[in-house]
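A.B. asks: Got a structure here, written out as structure tokens. Questions coming.
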Amino acid sequence: MRRAGRLAVLVCVGLAAGASSAVAHVAGPPKASLKPDLSARTMLQEGTGQLFPTDEAAVARAAANPGPCTSAARDSMPDGAPHDHQQISQHAGFKCAVTQSEFLPLKDELKREFGREDVVLGEMDVKADIAAVAVTFPKGGVLFFDVKQPDKPKLLSVYKSGDCDAQPIDIDCGAFVDLSADGKVAYLAVQNLSSIPDPSLAAGRPGTPGVEIISLADPARPQLVQIYTPAVGFTGTHTARSHVIPPAPAAGPNGARAPGEYLFSIQNSAGVNIAKVERPGGIPQVRPVGLIGSRSVHDTFIQEDPLTGRTLLYLADGFGNDTAFVVFDVTDPASPKRLAQWDLTPECERDWYSHTIDVTTVNGRRYVTLPAELFVLDAQSDEDVAAGCGRKQADGSAPPQGNGNLPGPMWIVDATDFSKLPQQGESEANIKRKSQEALVATWENAAGRAGGNLTFSPHNQQIVGNNIYLSDYHGGVYKLDATKAFDGVRESAEQERPRELAFVVPSGEPTRPIAGLATPPIMPFFSSFPLGHPEIWDMFNYRGCTLAADMTGGFYSYEFDGDRCTAASGGPAPSQPVQSLGPLPEPRPQRPPDRLLISGKPRKVTRSGVVRTRLYCASPKPCAGLLKLRTTGKPKRGVPGNLRLGTRAFSLAPRTGRVLSVRLSRAHQRGVAKQRQTAVRAFVRVRFGGGKARRVRNIFSLTASKGLQRRLG
Ligand SMILES: [Zn+2]
């Protein structure tokens with residue numbers, strides 16, 4: 001996802017956070033380590049504002065240098081009774097300096113195409129007068145709109161992909177959609193763990209993790225031409241972006257260059273797969289040329305850099321290690337060159353989750369914008385708490401991973417001189433200092449409202465001139481004025497903060513029911529965060545209109561004050577000649593790879609010193625192997641690092657789960673009892689059927705049960 005979710009941490013958060021952590025993400029907020037009840041139900045009824053205090057300092061920073069809609073924005077985030085986030089009519093007044101041009105409820109169309117109204121819409125792209133909106137759950141897909149007249153978008157066609165996982169996890173499988181520059185090809189990123197759908201789904205084809213290459217030679221009849229499944233990654237593809245690398249400029253800097261059309265796709269837990277796109281006979285075909293390894297990358301931005309004439313790839317690096325973002329030169333995609341990185345809190349492992357990245361160059365200076373996505377996972381580790389990461393909760397308990405108890409930031413960073421940004425391998429102190437020096441401004445919502453579990457979280461942004469358009473889940477869509485931040489003159493954090501020029505919380509009626517499943521999933525994802533009406537994952541400013549898709553509602557076209565919606569010249573554009581593709585090759589959907597899931601929930605060590613680990617065989621074949629538990633590499637008080645805790649053999653029937661018990665030695669029991677948390681790695685060697693052994697890993701934390709603490713007192 002340019003953007004993503006919790007699993008996707010997370011969903012849009014992506015599975016991108018790495019196979020092991022993805023499973024951890026999907027495991028849901030561990031209530032034991034966080035005092036407030038963070039169930040979706042409670043958060044909808046009580047609101048994140050009741051659970052996490054307003055950040056008064058953020059309110060004051062916004063008020064110190066307001067835009068025309070800052071005070072209206074401050075008043076547009078009610079949270080807690082009597083406000084109900086699922087009643088869309090209660091959000092009708094939350095807007096400023098905006099006109100709604102069009103609202104398409106999509107109820108009937110979605111019911112007709114998917115057999116249910118509660119499908120979840122996702123992220124979007126617009127090119128060549130076509131808007132593509134991903135369908136994320138419970139099947140993947142794409143809605144294509146004609147936006148030649150962007151104030152009157154028209155649904156052109158619906159593309160249906162495979163079924164999402166729903167039994168192991170209710171994950172967004174139509175994770176992201178991108179259009180080629182000429183609008184002739186759509187790339188749908190598909191993530192799936194196991195391809196075990198909800199029983200209520202009509203039997204369709206299972207979603208294949210990878211990228212579906214869809215021909216739009218006739219946009220009214222989208223056609224699947226290839227399922228690209230690079231043999232990397234564990235849970236499929238979180239985002240896929242196409243980009244054309246041009247021939248060398250006549251003058252100017254040069255260097256290795258391989259012009260052509262490429263696809264940069266994030267293979268969850270593996271990194272950015274780079275592939276060449278060729279179009280023999282007009283039919284797109286994709287083949288791999290390279291990989292930038294990363295277990296944490298969540299989203300990308302690719303640009304012809306105006307300052308250097310090179311093609312630059314920016315990674316929003318999720319929970320990356322010392323890397324909130326990383327920049328590569330990919331002008332020669334087979335040999336990417338790392339240029340710089342940035343991270344305000346390199347001392348923290350799991351605090352801010354870098355979600356999306358967008359870059360602009362103004363008056364010779366290059367600026368990176370980077371929102372963090374906010375959610376509430378397991379508590380941050382003792383080391384992170386000791387290092388001052390996040391903010392402790394009111395009752396003194398540790399901050400959550402994902403910093404969901406804080407208002408979400410979008411950072412603006414001066415990246416004009418990459419040599420002044422941190423480089424790989426520098427000390428944490430240097431990375432922190434250089435990152436702070438490059439930080440120009442930070443935007444947070446004007447209400448100082450905590451993000452909660454993806455309730456009021458920044459998601460995707462788009463820079464247009466000096467303005468930034470930002471989608472904010474239940475917070476709607478903002479148009480922010482970043483002129484001060486982009487002018488190259490630093491005054492103060494307050495002066496540089498982007499100001500609210502306009503915003504809207506979409507509130508079109510009728511709306512649709514919120515996704516529900518016949519059988520609750522083993523590791524809830526969508527059903528573990530509080531979906532309301534509306535939920536805005538993405539927006540796109542196009543020809544002066546701002547188009548926005550509501551995950552749980554319809555499709556909107558807005559005109560913000562200061563913008564002017566204009567139709568393609570000549571009104572409705574002449575219909576493009578439909579190319580005859582001839583007979584298309586029949587794509588061969590591949591069976592998703594066999595998987596073994598290791599639940600990442602924090603585990604309690606029982607009174608008798610036993611740890612229980614849950615395994616799930618997501619395969620039509622039996623799974624058999626060996627589970628080993630080790631402490632992580634870092635030694636901690638009472639528990640040495642990288643030490644074997646125990647080993648268990650297992651054998652599972654296809655598509656079944658099992659709990660394995662490992663008894664800790666007395667010394668380890670004491671070590672765990674002394675600490676709040678001990679990080680543990682699970683290593684599994686597993687065979688599916690009679691196949692060859694494969695390795696699966698996960699990391700989770702152990703905490704001592706009250707019984708164990710009493711016993712070892
Ligand atoms: Zn609300």
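Ligands are numbered from 1 in the order shown, residues from 1 within each chain, and chains are lettered A, B, ... in the order they appear in the structure tokens.
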Neighbouring residues of Leu501 (chain A) were defined as those with any atom within 12 Å, considering only C-alpha atoms; residues of the same chain fewer than 6 positions away were excluded. Please report them as a PyMOL selection string.
C.D. replies: chain A and resi 66-73+95-98+466-470+477-483+560-563
A.B. asks: Would you mind listing the residues within 12 Å of ligand 1, counting only C-alpha atoms and all ligand atoms, as a PyMOL selection string?
C.D. replies: chain A and resi 43-49+75-94+455-456+473-476+505-507+530-535
A.B. asks: Would you save the residues from that selection as a PDB file, in the first residue's frame, using C-alpha atoms?
C.D. replies:
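Wrote it out as part.pdb, contents follow:
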```
ATOM      1  CA  MET A  43     -13.050   1.921  20.842  1.00  0.00           C
ATOM      2  CA  LEU A  44     -16.128   2.606  18.780  1.00  0.00           C
ATOM      3  CA  GLN A  45     -18.285   3.132  21.832  1.00  0.00           C
ATOM      4  CA  GLU A  46     -15.871   5.004  24.029  1.00  0.00           C
ATOM      5  CA  GLY A  47     -13.515   6.410  21.452  1.00  0.00           C
ATOM      6  CA  THR A  48      -9.748   6.683  21.480  1.00  0.00           C
ATOM      7  CA  GLY A  49     -10.172  10.084  23.096  1.00  0.00           C
ATOM      8  CA  ASP A  75     -13.615  20.593  16.312  1.00  0.00           C
ATOM      9  CA  SER A  76     -14.139  17.781  13.804  1.00  0.00           C
ATOM     10  CA  MET A  77     -12.754  14.865  15.783  1.00  0.00           C
ATOM     11  CA  PRO A  78     -15.327  14.166  18.509  1.00  0.00           C
ATOM     12  CA  ASP A  79     -14.607  10.950  20.286  1.00  0.00           C
ATOM     13  CA  GLY A  80     -16.697   9.244  22.911  1.00  0.00           C
ATOM     14  CA  ALA A  81     -20.432   9.297  23.741  1.00  0.00           C
ATOM     15  CA  PRO A  82     -22.731  10.554  22.380  1.00  0.00           C
ATOM     16  CA  HIS A  83     -20.715  10.556  19.152  1.00  0.00           C
ATOM     17  CA  ASP A  84     -20.933   7.276  17.227  1.00  0.00           C
ATOM     18  CA  HIS A  85     -18.199   6.697  14.623  1.00  0.00           C
ATOM     19  CA  GLN A  86     -20.439   4.257  12.737  1.00  0.00           C
ATOM     20  CA  GLN A  87     -23.303   6.752  12.203  1.00  0.00           C
ATOM     21  CA  ILE A  88     -22.271   8.571   9.060  1.00  0.00           C
ATOM     22  CA  SER A  89     -24.937  11.240   9.517  1.00  0.00           C
ATOM     23  CA  GLN A  90     -23.125  12.421  12.659  1.00  0.00           C
ATOM     24  CA  HIS A  91     -20.165  13.435  10.485  1.00  0.00           C
ATOM     25  CA  ALA A  92     -22.044  15.564   7.971  1.00  0.00           C
ATOM     26  CA  GLY A  93     -20.925  18.910   9.386  1.00  0.00           C
ATOM     27  CA  PHE A  94     -17.235  18.102   9.568  1.00  0.00           C
ATOM     28  CA  THR A 455      -8.922   5.457  13.973  1.00  0.00           C
ATOM     29  CA  PHE A 456      -7.367   8.883  13.370  1.00  0.00           C
ATOM     30  CA  TYR A 473      -8.785   7.197   8.074  1.00  0.00           C
ATOM     31  CA  HIS A 474     -11.806   8.402  10.112  1.00  0.00           C
ATOM     32  CA  GLY A 475     -10.338  11.928  10.043  1.00  0.00           C
ATOM     33  CA  GLY A 476     -11.217  12.267   6.335  1.00  0.00           C
ATOM     34  CA  VAL A 505     -14.978  14.023   6.556  1.00  0.00           C
ATOM     35  CA  PRO A 506     -16.961  12.324   3.760  1.00  0.00           C
ATOM     36  CA  SER A 507     -20.522  11.614   4.831  1.00  0.00           C
ATOM     37  CA  PRO A 530     -12.687  -0.175  14.775  1.00  0.00           C
ATOM     38  CA  LEU A 531     -13.990   0.439  11.275  1.00  0.00           C
ATOM     39  CA  GLY A 532     -16.419   3.336  11.208  1.00  0.00           C
ATOM     40  CA  HIS A 533     -18.193   5.475   8.621  1.00  0.00           C
ATOM     41  CA  PRO A 534     -16.205   6.863   6.902  1.00  0.00           C
ATOM     42  CA  GLU A 535     -12.682   5.375   6.641  1.00  0.00           C
TER      43      GLU A 535
END
```
A.B. asks: If you run DSSP on the backbone here, which positions in region 267-436 of chain A get alpha helix (DSSP H)? Please write them as a ChimeraX atom specification.
C.D. replies: /A:382-386,428-436
A.B. asks: For the selection just defined, write its residues with C-alpha atoms to a file, as a tab-separated table (two decimals), in the first residue's frame.
C.D. replies:
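Result written to result.tsv:
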```tsv
chain	number	residue	atom	x	y	z
A	382	ASP	CA	11.72	-2.50	28.23
A	383	GLU	CA	14.78	-1.27	26.32
A	384	ASP	CA	12.66	1.05	24.23
A	385	VAL	CA	10.79	2.33	27.27
A	386	ALA	CA	14.10	2.95	29.04
A	428	GLU	CA	22.54	5.85	16.46
A	429	ALA	CA	23.64	9.17	17.95
A	430	ASN	CA	24.78	10.45	14.55
A	431	ILE	CA	21.67	9.19	12.80
A	432	LYS	CA	19.49	10.93	15.36
A	433	ARG	CA	21.42	14.23	15.21
A	434	LYS	CA	21.52	14.39	11.41
A	435	SER	CA	17.84	13.43	11.18
A	436	GLN	CA	16.85	16.17	13.62
```
A.B. asks: Would you compute the distance between CA of Val504 (chain A) and CA of Met551 (chain A)? Give it in Å to one decimal.
C.D. replies: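 Interatomic distance, CA of Val504 (chain A) to CA of Met551 (chain A): 15.4 Å.
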A.B. asks: Per DSSP on the backbone, what are the strand (DSSP E) residues of region 396-616 of chain A, as a PyMOL selection string?
C.D. replies: chain A and resi 410-414+439-443+461-464+467-471+477-481+499-504+536-542+545-550+555-560+595-598+603-605+610-616
A.B. asks: Restrict the calculation to only C-alpha atoms, then for each residue of region 324-383 of chain A with any atom at most 12 Å from an atom of region 268-272 of chain A give the closest atom pair and their distance in Å to one decimal, rows by chain and rising residue number, as CSV.
C.D. replies:
```
residue,atom,partner,partner_atom,distance
A:Phe328,CA,A:Val272,CA,11.2
A:Val330,CA,A:Val272,CA,11.4
A:Pro333,CA,A:Val272,CA,11.0
A:Ala334,CA,A:Val272,CA,11.8
A:Pro336,CA,A:Val272,CA,10.7
```
A.B. asks: List the neighbours of Thr360 (chain A) out to 10 Å using only C-alpha atoms; skip same-chain residues closer than 2 positions along the sequence, and give me the result as a list in words.
C.D. replies: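 My reading of the contact set: Gln303, Asp305, Pro306, Asp358, Val362, Gly364, Arg365, Arg366, Tyr367, Val368, Thr369, Ala415, Gln462, Ile463, Val464, Gly465, Asn466 and Phe486 of chain A.
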A.B. asks: Tell me, as a list in words, which residues lie within 9 Å of Ser527 (chain A), counting only C-alpha atoms; anything in the same chain fewer than 6 positions away does not count.
C.D. replies: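 Within the cut-off, the hits are Ala40, Asp170, Ala515, Gly516, Leu517, Pro520 and Pro521 of chain A.
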A.B. asks: Write to file, as a PDB file, in the first residue's frame, the residues of the selection just made, with C-alpha atoms.
C.D. replies:
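Heads up, here's the output in again_12.pdb:
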```pdb
ATOM      1  CA  ALA A  40     -12.839  -2.562  18.326  1.00  0.00           C
ATOM      2  CA  ASP A 170      -9.090 -11.311   7.601  1.00  0.00           C
ATOM      3  CA  ALA A 515     -17.510  -6.072   6.770  1.00  0.00           C
ATOM      4  CA  GLY A 516     -18.549  -9.124   8.699  1.00  0.00           C
ATOM      5  CA  LEU A 517     -17.516 -12.772   8.474  1.00  0.00           C
ATOM      6  CA  PRO A 520     -14.332 -15.280  13.202  1.00  0.00           C
ATOM      7  CA  PRO A 521     -10.758 -15.512  11.929  1.00  0.00           C
TER       8      PRO A 521
END
```
A.B. asks: Which one of A:Cys565, A:Ala340, A:Ile357, A:Leu193 sits closest to Gly425 (chain A) if you count only C-alpha atoms?
C.D. replies: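 The shortest atom-to-atom distance to Gly425 (chain A) comes from A:Ala340.
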A.B. asks: Mind pulling up the distance from CA of Ile292 (chain A) to CA of Gly207 (chain A)?
C.D. replies: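 Atom-to-atom, CA of Gly207 (chain A) to CA of Ile292 (chain A), that is 24.9 Å.
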A.B. asks: For Ala186 (chain A), list every protein, DNA or RNA residue within 6 Å, evaluated using only C-alpha atoms, and leave out those in the same chain fewer than 5 positions away; present the list as a PyMOL selection string.
C.D. replies: chain A and resi 178-179+214
A.B. asks: Pick out the residues sitting within 8 Å of Gln393 (chain A), and hand them over as a list in words; count only C-alpha atoms, and ignore anything fewer than 5 positions along from it in its own chain.
C.D. replies: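 After dropping sequence-adjacent residues, the list is Phe52, Ala398, Pro399 and Asn405 of chain A.
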A.B. asks: I need the chosen residues saved as a JSON list (two decimals), in the first residue's frame, with C-alpha atoms.
C.D. replies:
```json
[["chain", "number", "residue", "atom", "x", "y", "z"],
["A", 52, "PHE", "CA", -5.74, 8.32, 25.42],
["A", 398, "ALA", "CA", 4.53, 1.06, 28.47],
["A", 399, "PRO", "CA", 3.62, 2.80, 25.20],
["A", 405, "ASN", "CA", -1.64, 6.78, 22.04]]
```
A.B. asks: I need the residue nearest Leu597 (chain A) from this list: A:Gln401, A:Thr235, A:Thr345, A:Gln380. Use only C-alpha atoms for the distance.
C.D. replies: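 Ranked by minimum distance to Leu597 (chain A), first place goes to A:Thr235.
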